[in-house]
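Q: Input query38.txt, format and content: compact mmCIF, C-alpha atoms and all ligand atoms.
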```
# COMPACT_ATOMS: atom_id res chain seq x y z
CA MET A 756 123.94 80.89 101.42
CA LEU A 757 123.22 80.17 105.07
CA LYS A 758 123.56 82.74 107.85
CA ILE A 759 124.07 82.29 111.57
CA CYS A 760 121.37 84.10 113.50
CA THR A 761 120.87 84.41 117.24
CA ASP A 762 117.84 85.44 119.27
CA ILE A 763 118.68 86.33 122.87
CA GLY A 764 115.62 86.31 125.09
CA GLY A 765 115.19 86.98 128.79
CA THR A 766 114.99 83.23 129.49
CA LYS A 767 116.15 81.34 126.36
CA THR A 768 118.75 81.94 123.69
CA ILE A 769 118.52 80.28 120.30
CA VAL A 770 121.32 80.08 117.74
CA GLY A 771 120.05 79.08 114.33
CA LEU A 772 121.24 78.52 110.81
CA ILE A 773 118.83 80.22 108.38
CA ASP A 774 118.55 80.06 104.60
CA GLU A 775 117.28 82.66 102.15
CA HIS A 776 113.79 81.13 102.15
CA LEU A 777 113.50 81.72 105.92
CA ALA A 778 113.87 78.05 106.73
CA VAL A 779 115.59 77.07 109.98
CA ILE A 780 118.20 74.52 108.83
CA GLU A 781 119.49 73.81 112.32
CA SER A 782 119.09 75.43 115.71
CA GLN A 783 120.31 75.07 119.27
CA LYS A 784 118.63 76.48 122.32
CA PHE A 785 120.04 77.11 125.79
CA ASP A 786 119.06 78.94 128.97
CA THR A 787 120.23 82.55 128.75
CA TYR A 788 123.09 83.18 131.19
CA ILE A 789 121.20 85.96 132.89
CA ASN A 790 124.05 86.80 135.29
CA ASP A 791 127.02 86.31 132.98
CA PRO A 792 127.19 88.07 129.60
CA GLU A 793 130.68 86.72 128.82
CA ALA A 794 129.49 83.12 129.25
CA GLU A 795 126.43 83.95 127.14
CA PHE A 796 128.40 85.26 124.17
CA SER A 797 131.09 82.58 124.49
CA GLU A 798 128.42 79.91 124.15
CA ILE A 799 126.89 81.68 121.14
CA MET A 800 130.31 81.87 119.44
CA SER A 801 131.04 78.24 120.24
CA ILE A 802 127.80 77.06 118.57
CA ALA A 803 128.41 79.43 115.65
CA ASN A 804 131.93 78.06 115.15
CA LYS A 805 130.56 74.51 115.06
CA TYR A 806 128.10 75.51 112.33
CA LYS A 807 131.01 76.97 110.38
CA GLU A 808 132.87 73.67 110.60
CA ASN A 809 129.87 71.56 109.65
CA TYR A 810 128.43 73.50 106.72
CA LYS A 811 130.08 74.63 103.50
CA ASN A 812 127.60 77.13 102.07
CA ILE A 813 127.65 79.40 105.07
CA ASP A 814 128.32 83.12 105.31
CA GLN A 815 131.55 82.71 107.30
CA ASN A 816 131.77 86.06 109.03
CA THR A 817 128.16 87.02 109.66
CA LEU A 818 126.66 86.74 113.11
CA ASN A 819 123.31 88.52 113.33
CA ILE A 820 121.94 88.96 116.81
CA ALA A 821 118.58 90.10 118.17
CA MET A 822 118.78 91.25 121.75
CA PRO A 823 116.48 92.81 124.31
CA GLY A 824 116.73 96.56 124.59
CA PRO A 825 117.35 99.19 125.25
CA CYS A 826 120.80 98.77 123.71
CA ASP A 827 123.01 100.82 121.47
CA TYR A 828 122.49 98.45 118.55
CA THR A 829 125.10 100.20 116.41
CA LYS A 830 127.73 98.87 118.87
CA GLY A 831 126.06 95.93 120.60
CA LEU A 832 126.18 97.78 123.91
CA PHE A 833 123.57 96.89 126.54
CA LEU A 834 122.07 100.04 128.07
CA ASN A 835 119.30 98.97 130.46
CA PRO A 836 117.50 95.70 129.56
CA PRO A 837 114.85 95.17 132.28
CA ASN A 838 115.35 91.38 132.35
CA LEU A 839 119.14 91.34 131.97
CA GLN A 840 120.31 93.87 134.52
CA ASP A 841 123.77 92.26 134.84
CA TYR A 842 124.39 93.05 131.17
CA ILE A 843 124.25 96.83 131.65
CA GLY A 844 127.38 98.36 130.13
CA PHE A 845 128.48 95.11 128.46
CA ASN A 846 129.70 95.65 124.91
CA ALA A 847 128.88 92.47 122.98
CA GLY A 848 130.28 93.92 119.75
CA ASP A 849 133.76 94.39 121.21
CA TYR A 850 133.63 91.02 122.98
CA ILE A 851 132.73 89.10 119.82
CA LYS A 852 135.34 90.87 117.71
CA GLN A 853 138.04 90.22 120.34
CA HIS A 854 137.21 86.52 120.63
CA SER A 855 136.25 85.47 117.09
CA GLU A 856 136.43 86.23 113.39
CA PHE A 857 132.77 87.19 113.24
CA THR A 858 131.43 90.58 112.26
CA PRO A 859 128.36 90.95 114.46
CA HIS A 860 125.22 92.93 113.60
CA PHE A 861 122.69 93.79 116.28
CA VAL A 862 118.98 94.64 116.16
CA ASN A 863 116.07 94.52 118.57
CA ASP A 864 113.69 91.60 118.23
CA THR A 865 110.81 93.50 116.62
CA ASP A 866 113.17 94.81 113.93
CA ALA A 867 114.20 91.24 113.13
CA ALA A 868 110.55 90.13 113.11
CA ILE A 869 109.41 92.81 110.68
CA LEU A 870 112.14 91.81 108.22
CA ALA A 871 110.65 88.30 108.11
CA GLU A 872 107.06 89.57 107.87
CA TYR A 873 108.03 91.95 105.09
CA GLN A 874 109.10 89.10 102.81
CA TYR A 875 105.48 87.93 102.69
CA ILE A 876 103.80 91.28 102.17
CA LYS A 877 106.23 93.20 99.96
CA SER A 878 104.37 92.34 96.77
CA GLU A 879 101.41 94.31 98.20
CA THR A 880 103.14 97.23 99.89
CA LYS A 881 106.54 98.67 100.73
CA ASP A 882 105.36 100.43 103.90
CA ILE A 883 104.32 98.48 106.98
CA ILE A 884 104.17 98.73 110.73
CA TYR A 885 104.74 95.59 112.80
CA LEU A 886 103.17 95.58 116.26
CA THR A 887 103.83 92.75 118.68
CA ILE A 888 101.44 92.12 121.54
CA SER A 889 102.79 89.44 123.84
CA THR A 890 104.13 89.70 127.39
CA GLY A 891 105.29 93.13 126.33
CA ILE A 892 104.59 95.44 123.40
CA GLY A 893 106.95 96.38 120.60
CA MET A 894 106.81 97.87 117.15
CA ALA A 895 108.90 98.25 114.04
CA TYR A 896 108.59 100.18 110.79
CA ILE A 897 109.60 99.52 107.20
CA ARG A 898 109.37 102.56 104.96
CA ASN A 899 109.70 102.16 101.23
CA GLY A 900 111.28 98.74 101.77
CA GLN A 901 113.86 99.98 104.28
CA LEU A 902 113.93 99.21 107.99
CA ILE A 903 113.80 102.40 110.06
CA THR A 904 115.84 101.81 113.21
CA GLY A 905 116.30 105.24 114.82
CA VAL A 906 119.55 106.88 115.92
CA ASP A 907 120.85 103.92 117.94
CA GLY A 908 118.41 101.17 116.98
CA ASN A 909 115.72 101.88 119.57
CA PHE A 910 112.99 103.03 117.21
CA GLY A 911 109.48 102.02 118.23
CA GLU A 912 109.55 101.71 122.03
CA ILE A 913 105.83 102.29 121.97
CA GLY A 914 105.27 100.15 125.07
CA HIS A 915 106.21 103.07 127.27
CA THR A 916 104.10 105.74 125.65
CA ILE A 917 100.84 106.73 127.36
CA ILE A 918 97.53 105.32 126.12
CA LYS A 919 95.33 105.69 129.23
CA ASN A 920 95.55 109.03 130.93
CA ASP A 921 93.51 108.16 134.02
CA SER A 922 95.20 104.83 134.77
CA ASN A 923 96.05 104.14 138.38
CA TYR A 924 98.73 101.56 137.51
CA GLN A 925 102.31 102.78 137.66
CA CYS A 926 104.75 101.14 135.28
CA PRO A 927 107.69 99.55 137.13
CA VAL A 928 109.98 100.27 134.18
CA CYS A 929 109.25 103.88 133.09
CA HIS A 930 107.36 104.92 136.27
CA GLN A 931 104.56 106.59 134.31
CA PHE A 932 100.88 105.78 134.72
CA GLY A 933 98.91 104.23 131.88
CA CYS A 934 101.63 103.23 129.43
CA VAL A 935 100.73 100.94 126.53
CA GLU A 936 102.58 97.90 127.87
CA ASN A 937 100.69 97.95 131.18
CA GLU A 938 97.29 98.51 129.62
CA LEU A 939 97.00 96.12 126.68
CA SER A 940 99.80 93.52 126.72
CA GLY A 941 99.35 89.88 127.69
CA LEU A 942 100.86 90.65 131.08
CA ALA A 943 98.41 93.53 131.54
CA ILE A 944 95.42 91.31 130.69
CA SER A 945 96.58 88.71 133.20
CA ARG A 946 97.24 91.34 135.89
CA LYS A 947 93.87 93.05 135.46
CA ALA A 948 91.95 89.76 135.43
CA SER A 949 93.81 88.57 138.54
CA ASP A 950 92.88 91.82 140.34
CA ILE A 951 89.21 91.40 139.40
CA LEU A 952 88.90 87.72 140.37
CA GLU A 953 91.32 88.02 143.34
CA ARG A 954 93.31 84.99 142.25
CA LYS A 955 96.03 84.24 139.69
CA VAL A 956 94.51 84.34 136.20
CA SER A 957 96.56 83.67 133.07
CA THR A 958 96.14 85.72 129.91
CA ARG A 959 94.65 82.71 128.15
CA GLU A 960 92.11 82.09 130.92
CA ALA A 961 91.10 85.76 130.98
CA ILE A 962 90.48 85.66 127.22
CA ASP A 963 88.43 82.45 127.60
CA ILE A 964 86.26 84.03 130.30
CA PHE A 965 85.76 87.06 128.06
CA MET A 966 84.86 85.04 124.95
CA ASN A 967 82.38 82.96 127.00
CA LYS A 968 80.89 86.13 128.52
CA ALA A 969 81.26 84.42 131.89
CA ASP A 970 82.03 87.44 134.07
CA GLU A 971 80.70 90.98 133.67
CA ASN A 972 83.76 92.65 135.16
CA ILE A 973 86.11 90.69 132.91
CA THR A 974 83.97 91.70 129.93
CA ARG A 975 84.21 95.37 130.92
CA MET A 976 87.97 95.10 131.43
CA MET A 977 88.58 93.30 128.12
CA ASP A 978 86.33 95.70 126.21
CA GLU A 979 88.54 98.51 127.44
CA VAL A 980 91.75 96.62 126.57
CA LEU A 981 90.47 96.07 123.04
CA LEU A 982 89.34 99.68 122.66
CA LEU A 983 92.80 100.87 123.72
CA THR A 984 94.30 98.48 121.15
CA GLN A 985 92.04 99.89 118.45
CA GLN A 986 93.02 103.42 119.42
CA LEU A 987 96.71 102.52 119.43
CA CYS A 988 96.50 101.10 115.90
CA ASN A 989 94.49 104.09 114.70
CA ASN A 990 97.25 106.30 116.14
CA LEU A 991 99.82 104.30 114.16
CA TYR A 992 97.88 104.55 110.89
CA ASN A 993 97.61 108.30 111.43
CA ILE A 994 101.18 108.97 112.53
CA PHE A 995 102.97 106.83 109.94
CA ASN A 996 100.56 107.14 107.00
CA VAL A 997 100.60 103.40 106.36
CA TYR A 998 97.73 101.16 105.28
CA HIS A 999 99.15 97.87 106.54
CA ILE A 1000 99.84 96.79 110.12
CA VAL A 1001 101.08 93.27 110.83
CA LEU A 1002 100.26 92.01 114.32
CA GLY A 1003 102.52 89.44 115.98
CA GLY A 1004 103.10 88.01 119.44
CA GLY A 1005 101.26 85.44 121.50
CA VAL A 1006 98.17 87.46 122.38
CA THR A 1007 97.36 88.14 118.71
CA GLN A 1008 97.40 84.37 118.10
CA SER A 1009 94.43 83.99 120.47
CA VAL A 1010 90.77 83.97 119.44
CA LEU A 1011 90.44 87.71 120.06
CA PRO A 1012 89.12 89.27 116.82
CA TYR A 1013 91.91 91.81 116.40
CA LYS A 1014 91.73 92.05 112.62
CA GLU A 1015 88.02 92.81 112.22
CA MET A 1016 87.89 94.99 115.29
CA ILE A 1017 90.84 97.24 114.39
CA GLU A 1018 89.97 97.54 110.70
CA ASP A 1019 86.42 98.48 111.66
CA TYR A 1020 87.53 101.11 114.19
CA THR A 1021 90.01 102.71 111.81
CA GLN A 1022 87.44 102.83 108.99
CA LYS A 1023 85.24 104.87 111.32
CA HIS A 1024 87.81 107.17 112.84
CA HIS A 1025 90.61 107.71 110.34
CA LEU A 1026 90.22 110.92 108.35
CA ILE A 1027 90.96 109.17 105.07
CA GLN A 1028 87.74 107.33 104.41
CA LYS A 1029 88.04 105.76 100.99
CA LYS A 1030 91.15 103.63 101.38
CA PRO A 1031 91.22 100.21 103.03
CA PHE A 1032 93.20 99.80 106.23
CA HIS A 1033 94.67 96.33 106.53
CA ILE A 1034 95.47 94.30 109.61
CA LYS A 1035 97.34 91.05 109.04
CA VAL A 1036 97.76 88.70 111.97
CA SER A 1037 101.16 87.04 111.58
CA ASP A 1038 101.23 83.36 110.68
CA LEU A 1039 104.99 82.93 110.95
CA LYS A 1040 106.27 80.72 113.75
CA VAL A 1041 109.77 82.07 114.31
CA ASN A 1042 109.82 85.51 112.73
CA VAL A 1043 112.56 86.95 114.95
CA LEU A 1044 115.15 84.24 114.29
CA THR A 1045 114.43 83.96 110.56
CA GLY A 1046 114.09 87.70 110.00
CA LEU A 1047 117.66 88.12 111.20
CA TYR A 1048 118.71 86.67 107.85
CA PHE A 1049 117.89 90.04 106.26
CA VAL A 1050 119.69 92.27 108.75
CA ASN A 1051 122.71 92.75 106.50
CA PRO A 1052 121.58 92.05 102.96
CA GLN A 1053 124.37 91.27 100.52
ZN ZN A 1101 106.10 102.06 131.07
```
As structure tokens, please, write out the structure in this file.
A:
Amino acid sequence: MLKICTDIGGTKTIVGLIDEHLAVIESQKFDTYINDPEAEFSEIMSIANKYKENYKNIDQNTLNIAMPGPCDYTKGLFLNPPNLQDYIGFNAGDYIKQHSEFTPHFVNDTDAAILAEYQYIKSETKDIIYLTISTGIGMAYIRNGQLITGVDGNFGEIGHTIIKNDSNYQCPVCHQFGCVENELSGLAISRKASDILERKVSTREAIDIFMNKADENITRMMDEVLLLTQQLCNNLYNIFNVYHIVLGGGVTQSVLPYKEMIEDYTQKHHLIQKKPFHIKVSDLKVNVLTGLYFVNPQ
């Protein structure tokens, strides 16, 4: 049985047809209508309806959607997405039900991603944390095989918790100083490196300079970023009592030695000393889109 799954991003939207083995059977991508939520969801429904016409073995009513938060995911109501400000107050659930036969289900993108990752680790453990380090930071949690989503689907907004108390960088989103997203994300690495070298430096270039030990100040900055990442993961192991964290997102796909570094730190600092703490760096290409398959298991 195929399911129609949609990943709405701040720049691109992708509507895909996914099978139970997490294969993308067909997909269509378009530029997200950042100023027009009605046009956005009309286009999604139009592509979805074409899939319904063209394929027989398709779950006719299901439309699973990952969208940037914060939203009330129980309704599909946009609350305050930083990159989609014109969507505030738009109820995608009502709109879809008024204009189609679909029954929509909504999650945030990290919740969709962890559902895909879980398929590949569930023979080892039923309890995992998924942490994504890309432009931003997100996390998700599966406990005893079940996705934990929080009261309205916003579980795991760890990006705007404080990791560096003495930071002098104020977050433009939450207005605190030293929140996780601004200290150890890809965007943070690029920002800090650009400040040091007084020119525009991409995340990738900053990591290259660090790995080549080409600039002392970059080394000091990256050492701190990695220490904060180790501390964050140690916090997660402690708070959630899990032994497995899956890391996803662009920055974790770099040459930075996240796995060894975090496992080593946690072995030293976690109070439980005899058990192994596992870091798995994701090797799935499209875990958000494919993970949506498992949002409403039947
Ligand atoms: Zn913040």
Q: Anything within 9 Å of (90.6, 89.0, 121.7): list those residues as a list in words, counting all atoms listed in the file and sticking to the file's coordinates.
A: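 In the file's frame, the residues around the point are Ile962, Phe965, Met966, Met977, Leu981, Val1006, Thr1007, Gln1008, Ser1009, Val1010, Leu1011, Pro1012 and Tyr1013 of chain A.
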Q: Figure out the distance between atom CA of Pro792 of chain A and atom CA of Gly771 of chain A, please, to one decimal in Å.
A: 19.1 Å
Q: Which residues of segment 882-955 of chain A sit at most 10 Å from segment 828-850 of chain A, using all atoms listed in the file? Give each one's shortest atom pair and distance in Å (one decimal place), in chain and ascending residue order, as CSV.
A:
```
residue,atom,partner,partner_atom,distance
A:Thr904,CA,A:Tyr828,CA,9.2
A:Gly905,CA,A:Tyr828,CA,9.9
A:Val906,CA,A:Thr829,CA,8.7
A:Asp907,CA,A:Tyr828,CA,5.7
A:Gly908,CA,A:Tyr828,CA,5.1
A:Asn909,CA,A:Tyr828,CA,7.7
A:Pro927,CA,A:Pro837,CA,9.7
A:Val928,CA,A:Pro837,CA,7.3
```
Q: Measuring atom to atom with all atoms listed in the file, identify which of A:Gly764, A:Pro823, A:Gly893, A:Gly933 is nearest to ligand ZN 1101 (chain A).
A: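 Looking only at the distances to ligand ZN 1101 (chain A), the closest residue turns out to be A:Gly933.
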Q: Could you give me, as an NGL selection string, the residues within 12 Å of Gln985 of chain A, counting only C-alpha atoms and dropping anything in the same chain fewer than 2 positions from it?
A: :A and (918 or 935 or 939 or 978-983 or 987-992 or 1000 or 1012-1025 or 1034)
Q: Hey, what's within 9 Å of Ser1037 of chain A if we count all atoms listed in the file and toss same-chain stuff fewer than 3 positions away? As a VMD selection string, please?
A: chain A and resid 872 1001 to 1004 1007 to 1008 1040 1042
Q: Give the residue list for ligand ZN 1101 (chain A) at 9 Å, counting all atoms listed in the file, as a VMD selection string, sorted by chain and then by residue number.
A: chain A and resid 914 to 917 925 to 937
Q: Taking all atoms listed in the file into account, which of A:Glu775, A:Lys881, A:Asp791, A:His860 comes nearest Asp762 of chain A?
A: A:His860
Q: Report, in Å to a single decimal, how far apart atom CA of Leu952 of chain A and atom CA of Asn967 of chain A are.
A: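 Value for the atom CA of Asn967 of chain A-atom CA of Leu952 of chain A distance: 15.6 Å.
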Q: In Å, rounded to a single decimal, give me how far atom CA of Val779 of chain A is from atom CA of Ala803 of chain A.
A: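 Distance between the two atoms: 14.2 Å.
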Q: Can you tell me, as a PyMOL selection string, what residues are no more than 12 Å from Ile964 of chain A when counting all atoms listed in the file, ignoring any on the same chain fewer than 6 positions away?
A: chain A and resi 944-945+948+952+956-958+970-977+1010-1011
Q: For the residues selected in the previous step, produce a file with C-alpha atoms as a short mmCIF file (atom, residue, chain, number, x, y, z; two decimals), in the frame of the given file.
A:
```
data_model
loop_
_atom_site.label_atom_id
_atom_site.label_comp_id
_atom_site.auth_asym_id
_atom_site.auth_seq_id
_atom_site.Cartn_x
_atom_site.Cartn_y
_atom_site.Cartn_z
CA ILE A 944 95.42 91.31 130.69
CA SER A 945 96.58 88.71 133.20
CA ALA A 948 91.95 89.76 135.43
CA LEU A 952 88.90 87.72 140.37
CA VAL A 956 94.51 84.34 136.20
CA SER A 957 96.56 83.67 133.07
CA THR A 958 96.14 85.72 129.91
CA ASP A 970 82.03 87.44 134.07
CA GLU A 971 80.70 90.98 133.67
CA ASN A 972 83.76 92.65 135.16
CA ILE A 973 86.11 90.69 132.91
CA THR A 974 83.97 91.70 129.93
CA ARG A 975 84.21 95.37 130.92
CA MET A 976 87.97 95.10 131.43
CA MET A 977 88.58 93.30 128.12
CA VAL A 1010 90.77 83.97 119.44
CA LEU A 1011 90.44 87.71 120.06
#
```
Q: When you look at Asn816 of chain A with a cut-off of 10 Å (counting all atoms listed in the file), what residues show up, excluding the ones that are within fewer than 2 positions of it in the same chain? I need them as a PyMOL selection string.
A: chain A and resi 758-759+803+807+813-814+818-819+855-859
Q: Output C-alpha atoms for every residue in that selection, as an mmCIF file, keeping the file's coordinate frame.
A:
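Output file selection21.cif follows:
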```cif
data_model
loop_
_atom_site.group_PDB
_atom_site.id
_atom_site.type_symbol
_atom_site.label_atom_id
_atom_site.label_comp_id
_atom_site.auth_asym_id
_atom_site.auth_seq_id
_atom_site.Cartn_x
_atom_site.Cartn_y
_atom_site.Cartn_z
ATOM 1 C CA LYS A 758 123.560 82.740 107.850
ATOM 2 C CA ILE A 759 124.070 82.290 111.570
ATOM 3 C CA ALA A 803 128.410 79.430 115.650
ATOM 4 C CA LYS A 807 131.010 76.970 110.380
ATOM 5 C CA ILE A 813 127.650 79.400 105.070
ATOM 6 C CA ASP A 814 128.320 83.120 105.310
ATOM 7 C CA LEU A 818 126.660 86.740 113.110
ATOM 8 C CA ASN A 819 123.310 88.520 113.330
ATOM 9 C CA SER A 855 136.250 85.470 117.090
ATOM 10 C CA GLU A 856 136.430 86.230 113.390
ATOM 11 C CA PHE A 857 132.770 87.190 113.240
ATOM 12 C CA THR A 858 131.430 90.580 112.260
ATOM 13 C CA PRO A 859 128.360 90.950 114.460
#
```
Q: Have a look at A:Gln783, A:Gly941, A:Glu953, A:Val1036 and name the one nearest to Leu886 of chain A; count all atoms listed in the file.
A: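 Under the stated criterion, the closest residue is A:Val1036.
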Q: Counting all atoms listed in the file, figure out which residue out of A:Phe1049, A:Tyr806, A:Leu1044, A:Tyr875 gets nearest to Cys760 of chain A.
A: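 Using all atoms listed in the file, Cys760 of chain A sits closest to A:Leu1044.
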Q: Need the shell around Val1041 of chain A: protein/DNA/RNA residues with any atom at most 10 Å away, counting all atoms listed in the file. Skip same-chain ones fewer than 2 positions apart. Format as a PyMOL selection string?
A: chain A and resi 777-779+868+871+1038-1039+1043-1046
Q: With all atoms listed in the file as the basis for distance, which of A:Leu942, A:Ser922, A:Ser949, A:Ile869 is at the shortest distance from Gly891 of chain A?
A: A:Leu942
Q: Output as a PDB file, in the coordinates of the input: segment 1001-1020 of chain A, completed with N, CA and C atoms.
A:
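Below you can see rebuild21.pdb, which holds the result:
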```
ATOM      1  N   VAL A1001     100.991  94.707 110.550  1.00  0.00           N
ATOM      2  CA  VAL A1001     101.080  93.270 110.830  1.00  0.00           C
ATOM      3  C   VAL A1001     101.151  93.106 112.350  1.00  0.00           C
ATOM      4  N   LEU A1002     100.280  92.265 112.877  1.00  0.00           N
ATOM      5  CA  LEU A1002     100.260  92.010 114.320  1.00  0.00           C
ATOM      6  C   LEU A1002     100.941  90.672 114.612  1.00  0.00           C
ATOM      7  N   GLY A1003     101.864  90.680 115.567  1.00  0.00           N
ATOM      8  CA  GLY A1003     102.520  89.440 115.980  1.00  0.00           C
ATOM      9  C   GLY A1003     102.480  89.308 117.494  1.00  0.00           C
ATOM     10  N   GLY A1004     103.077  88.227 117.990  1.00  0.00           N
ATOM     11  CA  GLY A1004     103.100  88.010 119.440  1.00  0.00           C
ATOM     12  C   GLY A1004     101.953  87.133 119.892  1.00  0.00           C
ATOM     13  N   GLY A1005     102.172  86.467 121.012  1.00  0.00           N
ATOM     14  CA  GLY A1005     101.260  85.440 121.500  1.00  0.00           C
ATOM     15  C   GLY A1005      99.804  85.850 121.633  1.00  0.00           C
ATOM     16  N   VAL A1006      99.547  87.062 122.132  1.00  0.00           N
ATOM     17  CA  VAL A1006      98.170  87.460 122.380  1.00  0.00           C
ATOM     18  C   VAL A1006      97.374  87.585 121.066  1.00  0.00           C
ATOM     19  N   THR A1007      98.052  87.996 119.999  1.00  0.00           N
ATOM     20  CA  THR A1007      97.360  88.140 118.710  1.00  0.00           C
ATOM     21  C   THR A1007      97.038  86.783 118.087  1.00  0.00           C
ATOM     22  N   GLN A1008      97.680  85.723 118.602  1.00  0.00           N
ATOM     23  CA  GLN A1008      97.400  84.370 118.100  1.00  0.00           C
ATOM     24  C   GLN A1008      96.196  83.751 118.818  1.00  0.00           C
ATOM     25  N   SER A1009      95.600  84.491 119.732  1.00  0.00           N
ATOM     26  CA  SER A1009      94.430  83.990 120.470  1.00  0.00           C
ATOM     27  C   SER A1009      93.169  84.171 119.616  1.00  0.00           C
ATOM     28  N   VAL A1010      92.025  83.845 120.196  1.00  0.00           N
ATOM     29  CA  VAL A1010      90.770  83.970 119.440  1.00  0.00           C
ATOM     30  C   VAL A1010      90.237  85.412 119.416  1.00  0.00           C
ATOM     31  N   LEU A1011      90.905  86.319 120.078  1.00  0.00           N
ATOM     32  CA  LEU A1011      90.440  87.710 120.060  1.00  0.00           C
ATOM     33  C   LEU A1011      90.403  88.231 118.618  1.00  0.00           C
ATOM     34  N   PRO A1012      89.308  88.890 118.230  1.00  0.00           N
ATOM     35  CA  PRO A1012      89.120  89.270 116.820  1.00  0.00           C
ATOM     36  C   PRO A1012      89.848  90.564 116.447  1.00  0.00           C
ATOM     37  N   TYR A1013      91.160  90.581 116.623  1.00  0.00           N
ATOM     38  CA  TYR A1013      91.910  91.810 116.400  1.00  0.00           C
ATOM     39  C   TYR A1013      91.700  92.404 115.009  1.00  0.00           C
ATOM     40  N   LYS A1014      91.771  91.539 113.997  1.00  0.00           N
ATOM     41  CA  LYS A1014      91.730  92.050 112.620  1.00  0.00           C
ATOM     42  C   LYS A1014      90.438  92.835 112.340  1.00  0.00           C
ATOM     43  N   GLU A1015      89.305  92.188 112.531  1.00  0.00           N
ATOM     44  CA  GLU A1015      88.020  92.810 112.220  1.00  0.00           C
ATOM     45  C   GLU A1015      87.823  94.075 113.049  1.00  0.00           C
ATOM     46  N   MET A1016      88.114  93.922 114.336  1.00  0.00           N
ATOM     47  CA  MET A1016      87.890  94.990 115.290  1.00  0.00           C
ATOM     48  C   MET A1016      88.692  96.255 114.970  1.00  0.00           C
ATOM     49  N   ILE A1017      89.964  96.078 114.648  1.00  0.00           N
ATOM     50  CA  ILE A1017      90.840  97.240 114.390  1.00  0.00           C
ATOM     51  C   ILE A1017      90.512  97.857 113.034  1.00  0.00           C
ATOM     52  N   GLU A1018      90.308  97.011 112.030  1.00  0.00           N
ATOM     53  CA  GLU A1018      89.970  97.540 110.700  1.00  0.00           C
ATOM     54  C   GLU A1018      88.676  98.345 110.787  1.00  0.00           C
ATOM     55  N   ASP A1019      87.706  97.823 111.516  1.00  0.00           N
ATOM     56  CA  ASP A1019      86.420  98.480 111.660  1.00  0.00           C
ATOM     57  C   ASP A1019      86.566  99.838 112.358  1.00  0.00           C
ATOM     58  N   TYR A1020      87.342  99.866 113.425  1.00  0.00           N
ATOM     59  CA  TYR A1020      87.530 101.110 114.190  1.00  0.00           C
ATOM     60  C   TYR A1020      88.208 102.166 113.317  1.00  0.00           C
TER      61      TYR A1020
END
```
